[in-house]
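Okay, structure first, notes after.
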Amino acid sequence: SRRHKLYREELNLTSLAVPLPLRPEASWLQFHLGISQDGLYPRSSPVVNRLLRDMQEFPTVSADYSQDEKALLGACDCSQIVKPSGVHLKLVLRFQDFGKAMFKPMRQKREEETPEDFFYFVDFQRHNAEIAAFHLDRILDFRRVPPTVGRLINVTKEILEVTKNEVLQSVFFVSPASNVCFFAKCPYMCKTEYAVCGNPHLLEGSLSAFLPSLNLAPRLSIPNPWIRSYSFDGKEEWEVNPLYCNTVREIYPYSSGNRLLNIVDMAIFDFLIGNMDRHHYEMFTKFGDDGFLLHLDNARGFGRHSHDETSILAPLSQCCIIKRTTFLRLQLLAEPEYQLSDVMRESLLQDPLAPILTEPHLLALDRRLQLILEAVRKCIDTYGEATVVANDTAQPQAPVSDRVKLDT
């Protein structure tokens with residue numbers, strides 16, 4: 001009823017008007033109903049393909065800032081931003097059937113690499129990284145990234161003309177090249193030189209399907225035990241203590257169940273995409289302590305194909321555990337006939353904005369996969385396969401010997 005009222009107000013309908021019907025077959029609703037303790041959607045789900053198509057084709061009915069941006073709006077001094085190009089701009093777009101998606105516009109061309117001097121916390125947010133992360137997550141059979149698709153958005157007709165947010169309306173302008181542009185207010189990009197622009201109206205971006213509301217499906221946001229320091233010179237304990245995992249194993253909920261194994265899955269995923277910015281992870285409370293971890297906000301992946309940040313693999317190399325199903329999937333994707341780069345290339349061709357990744361980024365996936373398998377083999381040589389490779393429903397026995405051997 002609340003959503004119906006909102007839509008009636010947005011469409012200037014009177015209270016006597018017939019409410020917009022909620023179709024049970026709507027792809028957004030079917031996606032939400034398909035979430036289970038095994039993942040965000042079943043394997044080979046036809047609903048996901050329909051949802052991707054709807055996000056790409058349905059006209060927008062409204063556009064607005066996200067709730068976190070609204071909460072922080074105006075709460076910063078724009079002159080104090082460390083590096084404005086490192087922040088991001090995102091909008092919530094609504095569609096018919098009560099569908100809702102997070103829009104992240106193109107801010108970096110596919111062939112551009114993140115400069116070496118950039119810290120991970122001031123890196124660009126890349127729309128194509130969000131798209132590629134969804135495809136990789138599905139190939140790995142994790143199914144923990146919300147469905148994401150690329151789309152050319154007409155920023156005038158599909159954002160400016162449908163938004164009722166006066167702040168958002170106020171940040172649109174026409175550039176000297178006659179392109180329609182917009183930027184974010186504080187605390188993100190505060191100046192017109194950090195805007196994103198259409199050509200003259202069309203702008204590439206990624207659309208990620210929203211999860212059910214927190215009222216319907218509560219989620220927890222939990223700090224990553226392997227969180228990085230968000231300062232220019234600081235280090236966390238895991239970066240200087242090779243025995244750090246022993247401490248983590250003694251802390252609930254990592255002391256039992258599958259949580260630590262899920263953290264290792266997340267580290268493997270982040271290493272493949274080159275994401276160093278996983279400071280928190282989220283879980284649905286409904287599925288308990290052993291529920292899957294959501295792999296959200298992947299836009300800082302695929303920044304540098306020429307560099308493999310092996311520190312991302314610290315949970316794997318320090319804890320020396322991995323799910324059997326994950327290990328088998330990685331081994332399969334290392335076989336010549338199922339090579340990860342080939343599978344990704346074929347999968348990404350389905351996206352309307354293809355090509356999504358450049359060839360060097362695709363080949364980097366194969367190289368990083370070999371580094372993961374090498375780390376697992378090193379663990380097995382040290383502790384034995386029975387200790388390292390765990391059944392997905394059982395917590396492996398912690399190695400008792402000194403893990404410093406793995407770093408020699």
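Ligands are numbered from 1 in the order shown, residues from 1 within each chain, and chains are lettered A, B, ... in the order they appear in the structure tokens.
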Write down as a short mmCIF file (atom, residue, chain, number, x, y, z; two decimals) with C-alpha atoms, in the first residue's frame the residues belonging to region 170-305 of chain A that are assigned strand (DSSP E or B) by DSSP computed on the backbone.
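Heads up, here's the output in result.cif:
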```
data_model
loop_
_atom_site.label_atom_id
_atom_site.label_comp_id
_atom_site.auth_asym_id
_atom_site.auth_seq_id
_atom_site.Cartn_x
_atom_site.Cartn_y
_atom_site.Cartn_z
CA PHE A 172 22.38 19.04 -14.85
CA PHE A 173 24.03 21.35 -17.36
CA VAL A 174 25.08 21.48 -21.02
CA VAL A 180 24.17 16.96 -21.35
CA CYS A 181 26.08 16.39 -18.10
CA PHE A 182 25.40 16.03 -14.40
CA VAL A 196 29.64 12.61 -16.29
CA CYS A 197 28.35 13.54 -19.72
CA LEU A 202 23.28 8.87 -24.25
CA LEU A 203 25.51 7.60 -21.44
CA GLU A 204 26.77 4.09 -20.77
CA GLY A 205 26.16 2.63 -17.35
CA SER A 206 25.51 -0.51 -15.35
CA LEU A 207 22.18 -1.41 -13.78
CA SER A 208 22.23 -3.73 -10.77
CA ALA A 209 18.95 -5.16 -9.53
CA ARG A 219 20.67 -7.99 6.23
CA LEU A 220 23.72 -7.62 8.41
CA SER A 221 26.75 -5.57 7.38
CA ILE A 222 29.87 -7.07 8.96
CA PRO A 223 33.47 -5.81 8.86
CA HIS A 280 32.51 -5.06 4.73
CA TYR A 281 30.31 -7.89 3.61
CA GLU A 282 26.56 -8.40 3.94
CA MET A 283 24.41 -11.43 4.78
CA PHE A 284 20.69 -12.15 4.96
CA LEU A 294 26.71 -11.04 -0.70
#
```
Name all residues at most 6 Å from Cys320 (chain A) (count only C-alpha atoms; drop same-chain ones fewer than 2 positions away) and give them as a VMD selection string. chain A and resid 316 to 318 379 388
Between CA of Ser27 (chain A) and CA of Gly150 (chain A) lies a distance of 17.1 Å
For region 347-352 of chain A, please output as a compact mmCIF listing (two decimals) with all heavy atoms, in the first residue's frame all residues within 8 Å (counting only C-alpha atoms; exclusion window: fewer than 6 positions along the same chain).
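The new file out.txt reads:
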```txt
# COMPACT_ATOMS: atom_id res chain seq x y z
N ALA A 132 30.99 -7.15 -15.39
CA ALA A 132 31.88 -8.32 -15.49
C ALA A 132 31.88 -9.12 -14.20
O ALA A 132 31.97 -10.36 -14.23
CB ALA A 132 33.30 -7.85 -15.81
N HIS A 135 28.97 -11.56 -14.18
CA HIS A 135 29.19 -12.72 -15.05
C HIS A 135 30.21 -13.68 -14.44
O HIS A 135 30.02 -14.91 -14.49
CB HIS A 135 29.66 -12.24 -16.43
CG HIS A 135 28.56 -11.66 -17.26
ND1 HIS A 135 27.94 -12.35 -18.28
CD2 HIS A 135 27.96 -10.44 -17.22
CE1 HIS A 135 27.00 -11.59 -18.83
NE2 HIS A 135 27.00 -10.42 -18.20
N VAL A 149 23.38 -5.54 -15.65
CA VAL A 149 23.40 -5.45 -17.11
C VAL A 149 23.82 -4.05 -17.51
O VAL A 149 23.64 -3.08 -16.77
CB VAL A 149 22.00 -5.80 -17.69
CG1 VAL A 149 20.99 -4.70 -17.37
CG2 VAL A 149 22.07 -6.05 -19.19
N GLY A 150 24.41 -3.94 -18.70
CA GLY A 150 24.77 -2.64 -19.23
C GLY A 150 23.62 -2.02 -20.00
O GLY A 150 22.78 -2.73 -20.56
N ARG A 151 23.60 -0.69 -20.05
CA ARG A 151 22.53 0.00 -20.78
C ARG A 151 22.98 1.39 -21.17
O ARG A 151 23.72 2.05 -20.43
CB ARG A 151 21.27 0.08 -19.91
CG ARG A 151 20.13 0.89 -20.52
CD ARG A 151 18.84 0.66 -19.78
NE ARG A 151 17.81 1.64 -20.17
CZ ARG A 151 16.53 1.54 -19.82
NH1 ARG A 151 16.11 0.52 -19.08
NH2 ARG A 151 15.66 2.46 -20.20
```
Would you list the contacts of Asn298 (chain A) as an MDAnalysis selection string, taking every protein, DNA or RNA residue within 8 Å and counting only C-alpha atoms, but skipping same-chain residues closer than 5 positions in sequence?
chainID A and resid 129:130 133 275
Taking 2 positions as the minimum chain separation for residues in the same chain, which residues sit within 9 Å of Leu136 (chain A) when counting only C-alpha atoms? Answer as an mmCIF file with all heavy atoms, in the first residue's frame.
```cif
data_model
loop_
_atom_site.group_PDB
_atom_site.id
_atom_site.type_symbol
_atom_site.label_atom_id
_atom_site.label_comp_id
_atom_site.auth_asym_id
_atom_site.auth_seq_id
_atom_site.Cartn_x
_atom_site.Cartn_y
_atom_site.Cartn_z
ATOM 1 N N ILE A 131 29.417 -5.091 -14.271
ATOM 2 C CA ILE A 131 28.838 -6.057 -15.207
ATOM 3 C C ILE A 131 29.683 -7.323 -15.247
ATOM 4 O O ILE A 131 29.167 -8.445 -15.141
ATOM 5 C CB ILE A 131 28.737 -5.434 -16.606
ATOM 6 C CG1 ILE A 131 27.841 -4.196 -16.582
ATOM 7 C CG2 ILE A 131 28.206 -6.454 -17.616
ATOM 8 C CD1 ILE A 131 27.934 -3.339 -17.838
ATOM 9 N N ALA A 132 30.986 -7.154 -15.389
ATOM 10 C CA ALA A 132 31.881 -8.317 -15.487
ATOM 11 C C ALA A 132 31.880 -9.123 -14.198
ATOM 12 O O ALA A 132 31.967 -10.357 -14.231
ATOM 13 C CB ALA A 132 33.303 -7.851 -15.814
ATOM 14 N N ALA A 133 31.765 -8.456 -13.052
ATOM 15 C CA ALA A 133 31.749 -9.168 -11.774
ATOM 16 C C ALA A 133 30.534 -10.083 -11.676
ATOM 17 O O ALA A 133 30.622 -11.199 -11.151
ATOM 18 C CB ALA A 133 31.759 -8.173 -10.619
ATOM 19 N N PHE A 134 29.391 -9.620 -12.156
ATOM 20 C CA PHE A 134 28.194 -10.469 -12.153
ATOM 21 C C PHE A 134 28.411 -11.720 -12.997
ATOM 22 O O PHE A 134 28.083 -12.841 -12.578
ATOM 23 C CB PHE A 134 26.987 -9.685 -12.665
ATOM 24 C CG PHE A 134 25.844 -10.552 -13.112
ATOM 25 C CD1 PHE A 134 25.140 -11.311 -12.190
ATOM 26 C CD2 PHE A 134 25.488 -10.629 -14.447
ATOM 27 C CE1 PHE A 134 24.087 -12.141 -12.602
ATOM 28 C CE2 PHE A 134 24.444 -11.441 -14.863
ATOM 29 C CZ PHE A 134 23.744 -12.198 -13.939
ATOM 30 N N ARG A 138 28.667 -15.672 -11.605
ATOM 31 C CA ARG A 138 27.785 -16.723 -12.099
ATOM 32 C C ARG A 138 28.595 -17.896 -12.657
ATOM 33 O O ARG A 138 28.231 -19.061 -12.450
ATOM 34 C CB ARG A 138 26.848 -16.153 -13.169
ATOM 35 C CG ARG A 138 25.801 -17.124 -13.662
ATOM 36 C CD ARG A 138 24.657 -16.438 -14.383
ATOM 37 N NE ARG A 138 25.095 -15.624 -15.505
ATOM 38 C CZ ARG A 138 24.259 -15.067 -16.374
ATOM 39 N NH1 ARG A 138 22.953 -15.225 -16.239
ATOM 40 N NH2 ARG A 138 24.719 -14.326 -17.362
ATOM 41 N N ILE A 139 29.699 -17.610 -13.333
ATOM 42 C CA ILE A 139 30.563 -18.670 -13.864
ATOM 43 C C ILE A 139 31.173 -19.488 -12.736
ATOM 44 O O ILE A 139 31.301 -20.717 -12.831
ATOM 45 C CB ILE A 139 31.659 -18.054 -14.756
ATOM 46 C CG1 ILE A 139 31.041 -17.532 -16.059
ATOM 47 C CG2 ILE A 139 32.766 -19.053 -15.050
ATOM 48 C CD1 ILE A 139 31.968 -16.669 -16.875
ATOM 49 N N LEU A 140 31.548 -18.829 -11.645
ATOM 50 C CA LEU A 140 32.113 -19.530 -10.488
ATOM 51 C C LEU A 140 31.053 -20.284 -9.696
ATOM 52 O O LEU A 140 31.385 -20.999 -8.746
ATOM 53 C CB LEU A 140 32.820 -18.536 -9.566
ATOM 54 C CG LEU A 140 34.073 -17.849 -10.134
ATOM 55 C CD1 LEU A 140 34.574 -16.772 -9.175
ATOM 56 C CD2 LEU A 140 35.173 -18.871 -10.415
ATOM 57 N N ASP A 141 29.789 -20.123 -10.063
ATOM 58 C CA ASP A 141 28.658 -20.762 -9.396
ATOM 59 C C ASP A 141 28.490 -20.271 -7.963
ATOM 60 O O ASP A 141 27.970 -20.978 -7.108
ATOM 61 C CB ASP A 141 28.781 -22.292 -9.421
ATOM 62 C CG ASP A 141 27.449 -22.981 -9.124
ATOM 63 O OD1 ASP A 141 26.406 -22.432 -9.510
ATOM 64 O OD2 ASP A 141 27.465 -24.062 -8.491
ATOM 65 N N PHE A 142 28.939 -19.042 -7.694
ATOM 66 C CA PHE A 142 28.705 -18.454 -6.383
ATOM 67 C C PHE A 142 27.282 -17.912 -6.300
ATOM 68 O O PHE A 142 26.600 -18.094 -5.301
ATOM 69 C CB PHE A 142 29.701 -17.324 -6.109
ATOM 70 C CG PHE A 142 31.102 -17.787 -5.837
ATOM 71 C CD1 PHE A 142 32.171 -16.906 -5.935
ATOM 72 C CD2 PHE A 142 31.363 -19.103 -5.478
ATOM 73 C CE1 PHE A 142 33.471 -17.318 -5.672
ATOM 74 C CE2 PHE A 142 32.667 -19.531 -5.219
ATOM 75 C CZ PHE A 142 33.717 -18.633 -5.318
ATOM 76 N N PHE A 269 37.285 -14.511 -5.261
ATOM 77 C CA PHE A 269 36.538 -13.689 -6.215
ATOM 78 C C PHE A 269 37.182 -12.314 -6.362
ATOM 79 O O PHE A 269 37.392 -11.821 -7.483
ATOM 80 C CB PHE A 269 35.086 -13.572 -5.735
ATOM 81 C CG PHE A 269 34.232 -12.661 -6.561
ATOM 82 C CD1 PHE A 269 33.787 -13.050 -7.814
ATOM 83 C CD2 PHE A 269 33.858 -11.410 -6.083
ATOM 84 C CE1 PHE A 269 32.993 -12.200 -8.584
ATOM 85 C CE2 PHE A 269 33.065 -10.568 -6.842
ATOM 86 C CZ PHE A 269 32.630 -10.963 -8.095
ATOM 87 N N LEU A 272 40.481 -12.368 -8.315
ATOM 88 C CA LEU A 272 40.295 -12.516 -9.753
ATOM 89 C C LEU A 272 39.928 -11.189 -10.411
ATOM 90 O O LEU A 272 40.389 -10.890 -11.518
ATOM 91 C CB LEU A 272 39.219 -13.565 -10.040
ATOM 92 C CG LEU A 272 39.633 -15.023 -9.828
ATOM 93 C CD1 LEU A 272 38.423 -15.951 -9.921
ATOM 94 C CD2 LEU A 272 40.693 -15.448 -10.851
ATOM 95 N N ILE A 273 39.115 -10.378 -9.744
ATOM 96 C CA ILE A 273 38.720 -9.096 -10.350
ATOM 97 C C ILE A 273 39.649 -7.957 -9.941
ATOM 98 O O ILE A 273 39.544 -6.848 -10.471
ATOM 99 C CB ILE A 273 37.262 -8.740 -10.004
ATOM 100 C CG1 ILE A 273 37.098 -8.385 -8.527
ATOM 101 C CG2 ILE A 273 36.314 -9.859 -10.390
ATOM 102 C CD1 ILE A 273 35.690 -7.899 -8.168
ATOM 103 N N LEU A 340 38.937 -20.093 -18.250
ATOM 104 C CA LEU A 340 38.139 -19.027 -17.663
ATOM 105 C C LEU A 340 37.991 -17.841 -18.602
ATOM 106 O O LEU A 340 36.892 -17.285 -18.751
ATOM 107 C CB LEU A 340 38.762 -18.581 -16.329
ATOM 108 C CG LEU A 340 38.062 -17.437 -15.592
ATOM 109 C CD1 LEU A 340 36.592 -17.746 -15.357
ATOM 110 C CD2 LEU A 340 38.774 -17.139 -14.276
ATOM 111 N N MET A 344 34.394 -16.469 -19.883
ATOM 112 C CA MET A 344 34.015 -15.088 -19.596
ATOM 113 C C MET A 344 33.758 -14.308 -20.878
ATOM 114 O O MET A 344 32.776 -13.551 -20.987
ATOM 115 C CB MET A 344 35.111 -14.391 -18.793
ATOM 116 C CG MET A 344 34.970 -14.522 -17.299
ATOM 117 S SD MET A 344 33.589 -13.548 -16.620
ATOM 118 C CE MET A 344 34.268 -11.893 -16.657
ATOM 119 N N SER A 347 30.420 -15.312 -22.210
ATOM 120 C CA SER A 347 29.330 -14.835 -21.365
ATOM 121 C C SER A 347 29.110 -13.338 -21.527
ATOM 122 O O SER A 347 27.968 -12.863 -21.628
ATOM 123 C CB SER A 347 29.623 -15.179 -19.902
ATOM 124 O OG SER A 347 28.579 -14.763 -19.052
#
```
The residue from A:Arg278, A:Ser213, A:Leu243, A:Ser256 with the smallest atom-to-atom distance to Ser229 (chain A), counting only C-alpha atoms, is A:Arg278
Worksheet entry | Contacts of region 33-42 of chain A within 12 Å, only C-alpha atoms, excl. fewer than 2 positions in-chain, as a ChimeraX atom specification | /A:24-31,44-49,51,134,137-138,141-147,209-212,216-217,262,283-296,392-393
Save the residues we just selected, C-alpha atoms, as a JSON list (two decimals), in the first residue's frame?
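again.json, written as the output of this step:
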```json
[["chain", "number", "residue", "atom", "x", "y", "z"],
["A", 24, "PRO", "CA", 3.00, -11.79, -9.72],
["A", 25, "GLU", "CA", 4.99, -12.67, -12.84],
["A", 26, "ALA", "CA", 7.08, -9.46, -12.68],
["A", 27, "SER", "CA", 10.75, -10.33, -13.04],
["A", 28, "TRP", "CA", 11.78, -8.26, -10.01],
["A", 29, "LEU", "CA", 9.31, -10.06, -7.77],
["A", 30, "GLN", "CA", 10.24, -13.48, -9.13],
["A", 31, "PHE", "CA", 13.92, -12.70, -8.57],
["A", 44, "SER", "CA", 20.20, -21.66, -15.01],
["A", 45, "SER", "CA", 17.42, -19.43, -13.72],
["A", 46, "PRO", "CA", 15.19, -18.14, -16.55],
["A", 47, "VAL", "CA", 14.06, -15.34, -14.24],
["A", 48, "VAL", "CA", 17.55, -13.83, -14.19],
["A", 49, "ASN", "CA", 17.71, -13.57, -17.99],
["A", 51, "LEU", "CA", 15.27, -9.54, -15.30],
["A", 134, "PHE", "CA", 28.19, -10.47, -12.15],
["A", 137, "ASP", "CA", 30.28, -14.69, -10.07],
["A", 138, "ARG", "CA", 27.79, -16.72, -12.10],
["A", 141, "ASP", "CA", 28.66, -20.76, -9.40],
["A", 142, "PHE", "CA", 28.70, -18.45, -6.38],
["A", 143, "ARG", "CA", 25.52, -16.59, -7.38],
["A", 144, "ARG", "CA", 26.16, -13.88, -4.80],
["A", 145, "VAL", "CA", 26.26, -10.80, -7.07],
["A", 146, "PRO", "CA", 22.87, -9.23, -7.96],
["A", 147, "PRO", "CA", 21.99, -9.47, -11.67],
["A", 209, "ALA", "CA", 18.95, -5.16, -9.53],
["A", 210, "PHE", "CA", 17.97, -4.12, -6.02],
["A", 211, "LEU", "CA", 17.62, -6.76, -3.34],
["A", 212, "PRO", "CA", 14.40, -6.99, -1.30],
["A", 216, "LEU", "CA", 11.22, -7.74, 4.14],
["A", 217, "ALA", "CA", 14.67, -9.32, 4.12],
["A", 262, "ASN", "CA", 32.83, -18.15, 2.66],
["A", 283, "MET", "CA", 24.41, -11.43, 4.78],
["A", 284, "PHE", "CA", 20.69, -12.15, 4.96],
["A", 285, "THR", "CA", 19.82, -12.77, 8.60],
["A", 286, "LYS", "CA", 17.16, -15.30, 7.58],
["A", 287, "PHE", "CA", 19.76, -17.92, 6.62],
["A", 288, "GLY", "CA", 21.75, -17.78, 9.86],
["A", 289, "ASP", "CA", 25.49, -17.82, 10.46],
["A", 290, "ASP", "CA", 26.24, -20.16, 7.56],
["A", 291, "GLY", "CA", 24.33, -18.13, 4.97],
["A", 292, "PHE", "CA", 26.15, -16.96, 1.85],
["A", 293, "LEU", "CA", 28.00, -13.64, 1.74],
["A", 294, "LEU", "CA", 26.71, -11.04, -0.70],
["A", 295, "HIS", "CA", 29.37, -9.78, -3.10],
["A", 296, "LEU", "CA", 28.15, -6.20, -3.52],
["A", 392, "ASP", "CA", 31.17, -27.27, 2.06],
["A", 393, "THR", "CA", 29.10, -28.16, 5.11]]
```
Between CA of Asn258 (chain A) and CA of Asn246 (chain A) lies a distance of 15.8 Å
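Distance annotation: of A:Thr358, A:Thr326, A:Gln370, A:Thr387, the residue with the minimal separation from Gln339 (chain A) is A:Gln370; atom set is only C-alpha atoms.
In this comparison, which uses only C-alpha atoms, the residue of A:Phe302, A:Cys319, A:Ile312, A:Lys378 approaching Leu365 (chain A) most closely is A:Phe302.
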| query | Quick one, how far is CA of Val343 (chain A) from CA of Ala314 (chain A)? | reply |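 Interatomic distance here is 26.4 Å.
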